$ cat my_file-v2.cif   # mmCIF, C-alpha atoms and all ligand atoms
data_data
#
loop_
_atom_site.label_atom_id
_atom_site.label_comp_id
_atom_site.auth_asym_id
_atom_site.auth_seq_id
_atom_site.Cartn_x
_atom_site.Cartn_y
_atom_site.Cartn_z
CA MET A 27 53.66 103.92 60.21
CA GLN A 28 52.35 102.01 63.21
CA GLN A 29 55.82 100.72 63.88
CA ARG A 30 57.19 104.25 63.87
CA ASN A 31 54.54 105.34 66.41
CA LEU A 32 55.37 102.40 68.60
CA TRP A 33 59.05 103.33 68.44
CA THR A 34 58.26 106.89 69.46
CA VAL A 35 56.19 105.72 72.44
CA LEU A 36 58.95 103.32 73.52
CA SER A 37 61.56 106.05 73.24
CA LEU A 38 59.48 108.37 75.41
CA LEU A 39 59.00 105.60 77.96
CA VAL A 40 62.75 104.97 78.13
CA LEU A 41 63.39 108.70 78.48
CA ALA A 42 60.78 109.06 81.24
CA THR A 43 62.17 106.05 83.11
CA SER A 44 65.73 107.31 82.98
CA VAL A 45 64.68 110.76 84.19
CA ALA A 46 62.74 109.18 87.07
CA CYS A 47 65.64 106.94 88.05
CA GLY A 48 68.14 109.76 87.75
CA GLY A 49 65.98 111.89 90.03
CA GLY A 50 65.89 109.09 92.60
CA GLU A 51 69.63 108.66 92.64
CA THR A 52 70.45 112.29 93.08
CA GLY A 53 67.88 112.55 95.87
CA GLY A 54 66.16 115.84 95.22
CA ASP A 55 64.84 115.98 98.79
CA ALA A 56 68.07 114.84 100.41
CA PRO A 57 69.28 116.82 103.41
CA ALA A 58 72.15 119.22 102.99
CA ALA A 59 75.25 117.32 101.93
CA ALA A 60 77.87 116.55 104.55
CA PRO A 61 81.27 118.16 104.06
CA ALA A 62 82.92 116.56 101.07
CA ALA A 63 85.38 113.79 101.87
CA PRO A 64 88.96 114.48 100.86
CA ALA A 65 89.40 113.50 97.26
CA PHE A 66 91.38 110.33 96.74
CA ASP A 67 93.36 110.10 93.56
CA PRO A 68 94.16 106.39 92.98
CA SER A 69 97.41 107.34 91.29
CA THR A 70 98.67 108.53 94.69
CA ALA A 71 97.93 105.20 96.42
CA GLY A 72 100.27 102.99 98.39
CA ASN A 73 99.93 99.53 99.92
CA VAL A 74 100.34 97.66 103.16
CA SER A 75 101.39 94.05 103.19
CA GLY A 76 102.64 91.72 105.85
CA MET A 77 102.55 88.52 107.74
CA VAL A 78 100.89 87.21 110.87
CA MET A 79 103.10 84.82 112.81
CA PHE A 80 102.53 82.49 115.74
CA ASP A 81 105.36 82.26 118.24
CA GLY A 82 105.87 78.63 119.21
CA GLU A 83 104.10 75.49 118.18
CA LEU A 84 100.57 76.03 116.94
CA PRO A 85 98.05 74.40 119.33
CA ALA A 86 96.66 71.19 117.92
CA GLY A 87 93.20 71.44 116.40
CA VAL A 88 90.39 70.27 118.65
CA GLU A 89 88.48 67.26 117.34
CA LEU A 90 84.82 68.12 116.77
CA MET A 91 82.37 65.53 118.09
CA MET A 92 79.51 65.43 115.58
CA ASN A 93 77.65 62.34 116.78
CA SER A 94 74.61 64.40 117.82
CA ASP A 95 73.69 64.70 114.13
CA PRO A 96 74.21 61.54 112.07
CA VAL A 97 74.20 63.57 108.84
CA CYS A 98 77.15 65.60 110.05
CA ALA A 99 78.90 62.57 111.48
CA MET A 100 78.62 60.79 108.13
CA THR A 101 79.21 63.63 105.66
CA ALA A 102 81.62 66.08 107.28
CA THR A 103 85.08 65.91 105.78
CA ASN A 104 86.70 68.25 108.31
CA LYS A 105 86.17 67.42 111.97
CA THR A 106 88.86 69.65 113.39
CA SER A 107 88.36 73.09 114.89
CA SER A 108 89.40 76.03 112.66
CA THR A 109 90.52 78.19 115.59
CA PHE A 110 94.24 77.53 115.14
CA VAL A 111 95.28 77.06 111.53
CA GLY A 112 98.53 77.88 109.81
CA SER A 113 101.83 76.46 108.79
CA ASP A 114 105.49 76.91 109.68
CA GLY A 115 104.92 79.61 112.28
CA HIS A 116 102.34 81.46 110.18
CA LEU A 117 98.85 82.05 111.53
CA GLY A 118 95.68 81.85 109.43
CA ASN A 119 92.11 83.03 110.06
CA VAL A 120 93.31 86.40 111.33
CA PHE A 121 91.21 89.40 110.34
CA VAL A 122 93.44 92.36 109.45
CA TYR A 123 91.98 95.76 108.71
CA VAL A 124 92.50 99.51 108.85
CA LYS A 125 91.19 100.45 112.28
CA SER A 126 91.74 104.19 112.02
CA GLY A 127 93.11 106.76 109.61
CA LEU A 128 90.28 106.71 107.06
CA GLU A 129 87.84 108.85 109.05
CA GLY A 130 85.86 111.26 106.89
CA ARG A 131 86.52 109.37 103.70
CA THR A 132 83.88 107.58 101.71
CA PHE A 133 84.42 104.84 99.18
CA PRO A 134 82.27 103.46 96.38
CA ALA A 135 79.97 100.68 97.55
CA SER A 136 81.11 97.17 96.79
CA SER A 137 79.15 95.62 93.94
CA GLY A 138 79.48 91.96 94.86
CA SER A 139 77.97 89.93 97.66
CA ILE A 140 79.84 87.90 100.28
CA GLU A 141 79.07 84.20 100.63
CA LEU A 142 78.78 82.35 103.92
CA ASN A 143 78.20 78.66 103.34
CA GLN A 144 77.20 75.91 105.71
CA LEU A 145 79.00 72.98 104.20
CA GLY A 146 80.05 69.75 105.85
CA CYS A 147 78.54 71.03 109.10
CA GLU A 148 80.94 73.93 109.36
CA TYR A 149 80.88 77.55 108.26
CA VAL A 150 82.88 78.27 105.15
CA PRO A 151 84.75 80.51 105.53
CA HIS A 152 85.36 80.53 109.26
CA VAL A 153 86.55 84.17 109.34
CA MET A 154 85.58 86.78 106.79
CA GLY A 155 85.10 90.49 106.22
CA ILE A 156 82.27 92.52 104.74
CA ARG A 157 81.45 96.17 104.05
CA VAL A 158 78.64 98.03 105.75
CA GLY A 159 75.63 97.65 103.46
CA GLN A 160 77.15 94.83 101.42
CA THR A 161 74.99 91.75 100.94
CA LEU A 162 75.83 88.65 102.95
CA ASN A 163 74.38 85.60 101.21
CA ILE A 164 73.96 82.69 103.61
CA THR A 165 73.47 79.20 102.17
CA ASN A 166 72.79 75.79 103.66
CA SER A 167 74.55 73.24 101.46
CA ASP A 168 73.94 70.36 103.85
CA PRO A 169 71.01 67.90 103.91
CA THR A 170 70.32 68.77 107.54
CA LEU A 171 68.93 71.65 109.61
CA HIS A 172 71.25 74.55 110.40
CA ASN A 173 70.39 77.63 112.38
CA ILE A 174 72.27 80.86 111.72
CA HIS A 175 72.44 82.93 114.85
CA ALA A 176 74.38 86.18 114.64
CA SER A 177 75.07 87.90 117.95
CA PRO A 178 76.34 91.39 117.16
CA ALA A 179 76.94 94.01 119.84
CA THR A 180 75.79 97.01 117.76
CA ASN A 181 74.20 95.62 114.59
CA GLU A 182 70.83 93.90 114.61
CA GLU A 183 70.78 90.34 115.92
CA PHE A 184 69.27 87.68 113.70
CA ASN A 185 68.45 84.04 114.15
CA MET A 186 67.18 81.99 111.21
CA GLY A 187 66.71 78.30 110.62
CA GLN A 188 67.53 76.75 107.27
CA PRO A 189 66.01 73.28 107.41
CA ILE A 190 66.34 72.39 103.73
CA GLN A 191 69.46 71.87 101.66
CA GLY A 192 69.93 74.71 99.20
CA MET A 193 68.09 77.35 101.22
CA GLN A 194 69.51 80.84 101.08
CA PHE A 195 68.83 84.18 102.60
CA GLU A 196 70.49 87.57 102.62
CA ARG A 197 71.42 90.04 105.30
CA THR A 198 73.26 93.35 105.50
CA PHE A 199 74.95 95.15 108.38
CA THR A 200 74.41 98.81 109.14
CA THR A 201 77.33 99.64 111.43
CA PRO A 202 81.05 98.80 111.53
CA GLU A 203 81.68 96.03 114.05
CA VAL A 204 84.76 93.84 114.53
CA MET A 205 83.79 91.06 114.97
CA VAL A 206 80.21 89.76 114.65
CA PRO A 207 80.05 86.19 115.99
CA PHE A 208 77.92 83.55 114.28
CA LYS A 209 76.91 80.21 115.71
CA CYS A 210 74.59 77.35 114.92
CA ASP A 211 72.25 76.52 117.77
CA VAL A 212 71.79 72.98 116.43
CA HIS A 213 75.48 72.10 116.19
CA GLY A 214 77.41 73.54 119.10
CA TRP A 215 80.78 73.24 117.34
CA MET A 216 79.80 75.51 114.44
CA ASN A 217 80.94 79.11 114.72
CA ALA A 218 82.20 81.87 112.46
CA TYR A 219 83.19 85.53 112.68
CA ILE A 220 82.54 88.41 110.32
CA GLY A 221 84.32 91.75 110.51
CA VAL A 222 82.07 94.60 109.36
CA VAL A 223 83.92 97.69 108.18
CA ASP A 224 82.98 100.88 106.33
CA HIS A 225 85.85 100.81 103.84
CA PRO A 226 87.45 98.27 101.49
CA TYR A 227 90.72 97.77 103.39
CA PHE A 228 90.51 94.41 105.16
CA ALA A 229 91.81 90.88 104.66
CA VAL A 230 91.84 87.45 106.26
CA THR A 231 95.12 85.58 106.45
CA GLY A 232 95.41 82.18 104.83
CA LEU A 233 97.51 79.31 106.07
CA ASP A 234 100.64 81.24 105.02
CA GLY A 235 99.73 84.11 107.37
CA ALA A 236 100.04 86.65 104.57
CA PHE A 237 97.79 89.64 104.00
CA SER A 238 97.75 92.76 101.86
CA LEU A 239 95.72 95.95 101.94
CA ASP A 240 96.08 97.50 98.52
CA SER A 241 95.53 100.94 97.05
CA LEU A 242 95.27 102.98 100.24
CA PRO A 243 95.32 106.76 100.21
CA PRO A 244 98.70 107.99 101.48
CA GLY A 245 98.59 108.70 105.20
CA ASP A 246 99.04 107.39 108.71
CA TYR A 247 97.02 104.38 109.80
CA VAL A 248 96.43 102.04 112.67
CA ILE A 249 96.25 98.45 111.45
CA GLU A 250 94.59 95.90 113.70
CA ALA A 251 94.94 92.12 113.60
CA TRP A 252 92.20 90.09 115.30
CA HIS A 253 92.26 86.42 116.23
CA GLU A 254 89.32 84.65 117.87
CA ALA A 255 91.37 83.10 120.68
CA LEU A 256 94.45 85.32 120.83
CA GLY A 257 92.84 88.77 120.91
CA THR A 258 93.96 91.83 118.98
CA GLN A 259 97.16 93.68 118.19
CA THR A 260 97.62 97.05 116.53
CA GLN A 261 100.46 98.70 114.70
CA ASN A 262 100.95 102.17 113.29
CA VAL A 263 102.00 102.46 109.69
CA THR A 264 102.64 105.27 107.22
CA VAL A 265 101.58 104.69 103.63
CA ALA A 266 103.40 106.65 100.94
CA THR A 267 102.53 106.97 97.28
CA GLY A 268 103.78 104.06 95.21
CA GLN A 269 105.28 102.32 98.24
CA THR A 270 104.37 99.11 100.07
CA ALA A 271 104.69 99.40 103.84
CA GLU A 272 105.51 96.14 105.61
CA VAL A 273 103.69 95.25 108.83
CA SER A 274 104.02 92.04 110.77
CA PHE A 275 102.22 90.73 113.81
CA THR A 276 103.31 87.94 116.14
CA PHE A 277 100.79 86.23 118.39
CA ALA A 278 101.55 83.87 121.21
CA GLN A 279 99.52 82.03 123.81
CU CU B 301 74.34 73.60 112.13
#
$ encode --input "my_file-v2.cif" --output "structure tokens"
Amino acid sequence: MQQRNLWTVLSLLVLATSVACGGGETGGDAPAAAPAAPAFDPSTAGNVSGMVMFDGELPAGVELMMNSDPVCAMTATNKTSSTFVGSDGHLGNVFVYVKSGLEGRTFPASSGSIELNQLGCEYVPHVMGIRVGQTLNITNSDPTLHNIHASPATNEEFNMGQPIQGMQFERTFTTPEVMVPFKCDVHGWMNAYIGVVDHPYFAVTGLDGAFSLDSLPPGDYVIEAWHEALGTQTQNVTVATGQTAEVSFTFAQ
């Protein structure tokens, strides 16, 4: 009998909790809803894919002088700048995203976090993208002090030291911004860039220069490609249901 009473109490607790949480999510006191975004039926989606090229011979990577920190000098496996990377005329570390054409649409929040590691006295990755509100998890994997200094133009600046190997902290961004620069004030050669966007359509090219932006609503878009030393380029593209539109960019010095 006692067990049955306990079960009843537990059931009521679960019910009460779910009602409370449900009320919080629907926001009973929320202001009047904004006009509904156009519905997006995934079965109508199309894709964009393409390539970022570099015209000419890719500039040689700059050697990074790490002697100011013996830990870095002894443990770093990569001592070459990540500004110009690629292969066979293809350009890596280019941030490609939908710059316009998605206005008024909203998309489900991303569930995962994005990792920015300090490993071997460099930022890994060097260029990355993140959604507004998505968690950026910053880790120091090195047995030396790093200092993460983000210098956004519109988001909130932050500047945090991570003196101990294994330290982590999290940040989010509130406003789209391409790009937010990161640097380490301890090691002048360490820098990274994060593109903050309010939709899921962004990519960073690998050494093969390739990118794809999948499952876009059909429509007309401006696609922008950003490179830290070569600036930006844009192209217009029309996405049709079930089709993959090809877009290519060519940078040169
Ligand atoms: Cu550092």
$ residues_around --input "my_file-v2.cif" --residues "A:Leu84" --least-positions-apart "2" --cutoff "8 Å" --atoms "all atoms listed in the file" --output "ChimeraX atom specification"
/A:80-82,86,110-112,115
$ closest_residue --input "my_file-v2.cif" --among "A:Val222, A:Leu128, A:Ala99, A:Val265" --to "ligand CU 301 (chain B)" --atoms "all atoms listed in the file"
A:Ala99
$ residues_near_ligand --input "my_file-v2.cif" --ligand "ligand CU 301 (chain B)" --cutoff "10 Å" --atoms "only C-alpha atoms and all ligand atoms" --output "PDB file with C-alpha atoms, in the frame of the given file"
ATOM      1  CA  ASP A  95      73.690  64.700 114.130  1.00  0.00           C
ATOM      2  CA  CYS A  98      77.150  65.600 110.050  1.00  0.00           C
ATOM      3  CA  GLN A 144      77.200  75.910 105.710  1.00  0.00           C
ATOM      4  CA  LEU A 145      79.000  72.980 104.200  1.00  0.00           C
ATOM      5  CA  GLY A 146      80.050  69.750 105.850  1.00  0.00           C
ATOM      6  CA  CYS A 147      78.540  71.030 109.100  1.00  0.00           C
ATOM      7  CA  GLU A 148      80.940  73.930 109.360  1.00  0.00           C
ATOM      8  CA  TYR A 149      80.880  77.550 108.260  1.00  0.00           C
ATOM      9  CA  ASN A 166      72.790  75.790 103.660  1.00  0.00           C
ATOM     10  CA  ASP A 168      73.940  70.360 103.850  1.00  0.00           C
ATOM     11  CA  THR A 170      70.320  68.770 107.540  1.00  0.00           C
ATOM     12  CA  LEU A 171      68.930  71.650 109.610  1.00  0.00           C
ATOM     13  CA  HIS A 172      71.250  74.550 110.400  1.00  0.00           C
ATOM     14  CA  ASN A 173      70.390  77.630 112.380  1.00  0.00           C
ATOM     15  CA  ILE A 174      72.270  80.860 111.720  1.00  0.00           C
ATOM     16  CA  HIS A 175      72.440  82.930 114.850  1.00  0.00           C
ATOM     17  CA  GLY A 187      66.710  78.300 110.620  1.00  0.00           C
ATOM     18  CA  GLN A 188      67.530  76.750 107.270  1.00  0.00           C
ATOM     19  CA  PRO A 189      66.010  73.280 107.410  1.00  0.00           C
ATOM     20  CA  LYS A 209      76.910  80.210 115.710  1.00  0.00           C
ATOM     21  CA  CYS A 210      74.590  77.350 114.920  1.00  0.00           C
ATOM     22  CA  ASP A 211      72.250  76.520 117.770  1.00  0.00           C
ATOM     23  CA  VAL A 212      71.790  72.980 116.430  1.00  0.00           C
ATOM     24  CA  HIS A 213      75.480  72.100 116.190  1.00  0.00           C
ATOM     25  CA  GLY A 214      77.410  73.540 119.100  1.00  0.00           C
ATOM     26  CA  TRP A 215      80.780  73.240 117.340  1.00  0.00           C
ATOM     27  CA  MET A 216      79.800  75.510 114.440  1.00  0.00           C
ATOM     28  CA  ASN A 217      80.940  79.110 114.720  1.00  0.00           C
TER      29      ASN A 217
END
$ residues_around --input "my_file-v2.cif" --residues "A:Asp240" --least-positions-apart "5" --cutoff "7 Å" --atoms "all atoms listed in the file" --output "VMD selection string"
chain A and resid 72 to 74
$ residues_around --input "my_file-v2.cif" --residues "A:Pro207" --least-positions-apart "6" --cutoff "9 Å" --atoms "all atoms listed in the file" --output "ChimeraX atom specification"
/A:175-178,217-221
$ build_atoms --input "my_file-v2.cif" --residues "stretch 97-108 of chain A" --atoms "N, CA and C atoms" --output "JSON list (two decimals), in the frame of the given file"
[["chain", "number", "residue", "atom", "x", "y", "z"],
["A", 97, "VAL", "N", 73.86, 63.03, 110.16],
["A", 97, "VAL", "CA", 74.20, 63.57, 108.84],
["A", 97, "VAL", "C", 75.59, 64.19, 108.88],
["A", 98, "CYS", "N", 75.84, 64.98, 109.92],
["A", 98, "CYS", "CA", 77.15, 65.60, 110.05],
["A", 98, "CYS", "C", 78.23, 64.53, 110.28],
["A", 99, "ALA", "N", 77.92, 63.60, 111.16],
["A", 99, "ALA", "CA", 78.90, 62.57, 111.48],
["A", 99, "ALA", "C", 79.31, 61.79, 110.24],
["A", 100, "MET", "N", 78.34, 61.60, 109.32],
["A", 100, "MET", "CA", 78.62, 60.79, 108.13],
["A", 100, "MET", "C", 79.19, 61.59, 106.97],
["A", 101, "THR", "N", 78.84, 62.88, 106.87],
["A", 101, "THR", "CA", 79.21, 63.63, 105.66],
["A", 101, "THR", "C", 80.35, 64.62, 105.86],
["A", 102, "ALA", "N", 80.60, 65.05, 107.09],
["A", 102, "ALA", "CA", 81.62, 66.08, 107.28],
["A", 102, "ALA", "C", 82.99, 65.54, 106.92],
["A", 103, "THR", "N", 83.73, 66.34, 106.16],
["A", 103, "THR", "CA", 85.08, 65.91, 105.78],
["A", 103, "THR", "C", 86.13, 66.52, 106.70],
["A", 104, "ASN", "N", 85.78, 67.63, 107.35],
["A", 104, "ASN", "CA", 86.70, 68.25, 108.31],
["A", 104, "ASN", "C", 86.07, 68.19, 109.70],
["A", 105, "LYS", "N", 86.70, 67.51, 110.61],
["A", 105, "LYS", "CA", 86.17, 67.42, 111.97],
["A", 105, "LYS", "C", 87.17, 67.97, 112.97],
["A", 106, "THR", "N", 87.87, 69.01, 112.52],
["A", 106, "THR", "CA", 88.86, 69.65, 113.39],
["A", 106, "THR", "C", 88.53, 71.14, 113.48],
["A", 107, "SER", "N", 88.63, 71.68, 114.68],
["A", 107, "SER", "CA", 88.36, 73.09, 114.89],
["A", 107, "SER", "C", 89.23, 73.98, 114.00],
["A", 108, "SER", "N", 88.66, 75.10, 113.53],
["A", 108, "SER", "CA", 89.40, 76.03, 112.66],
["A", 108, "SER", "C", 90.00, 77.18, 113.45]]
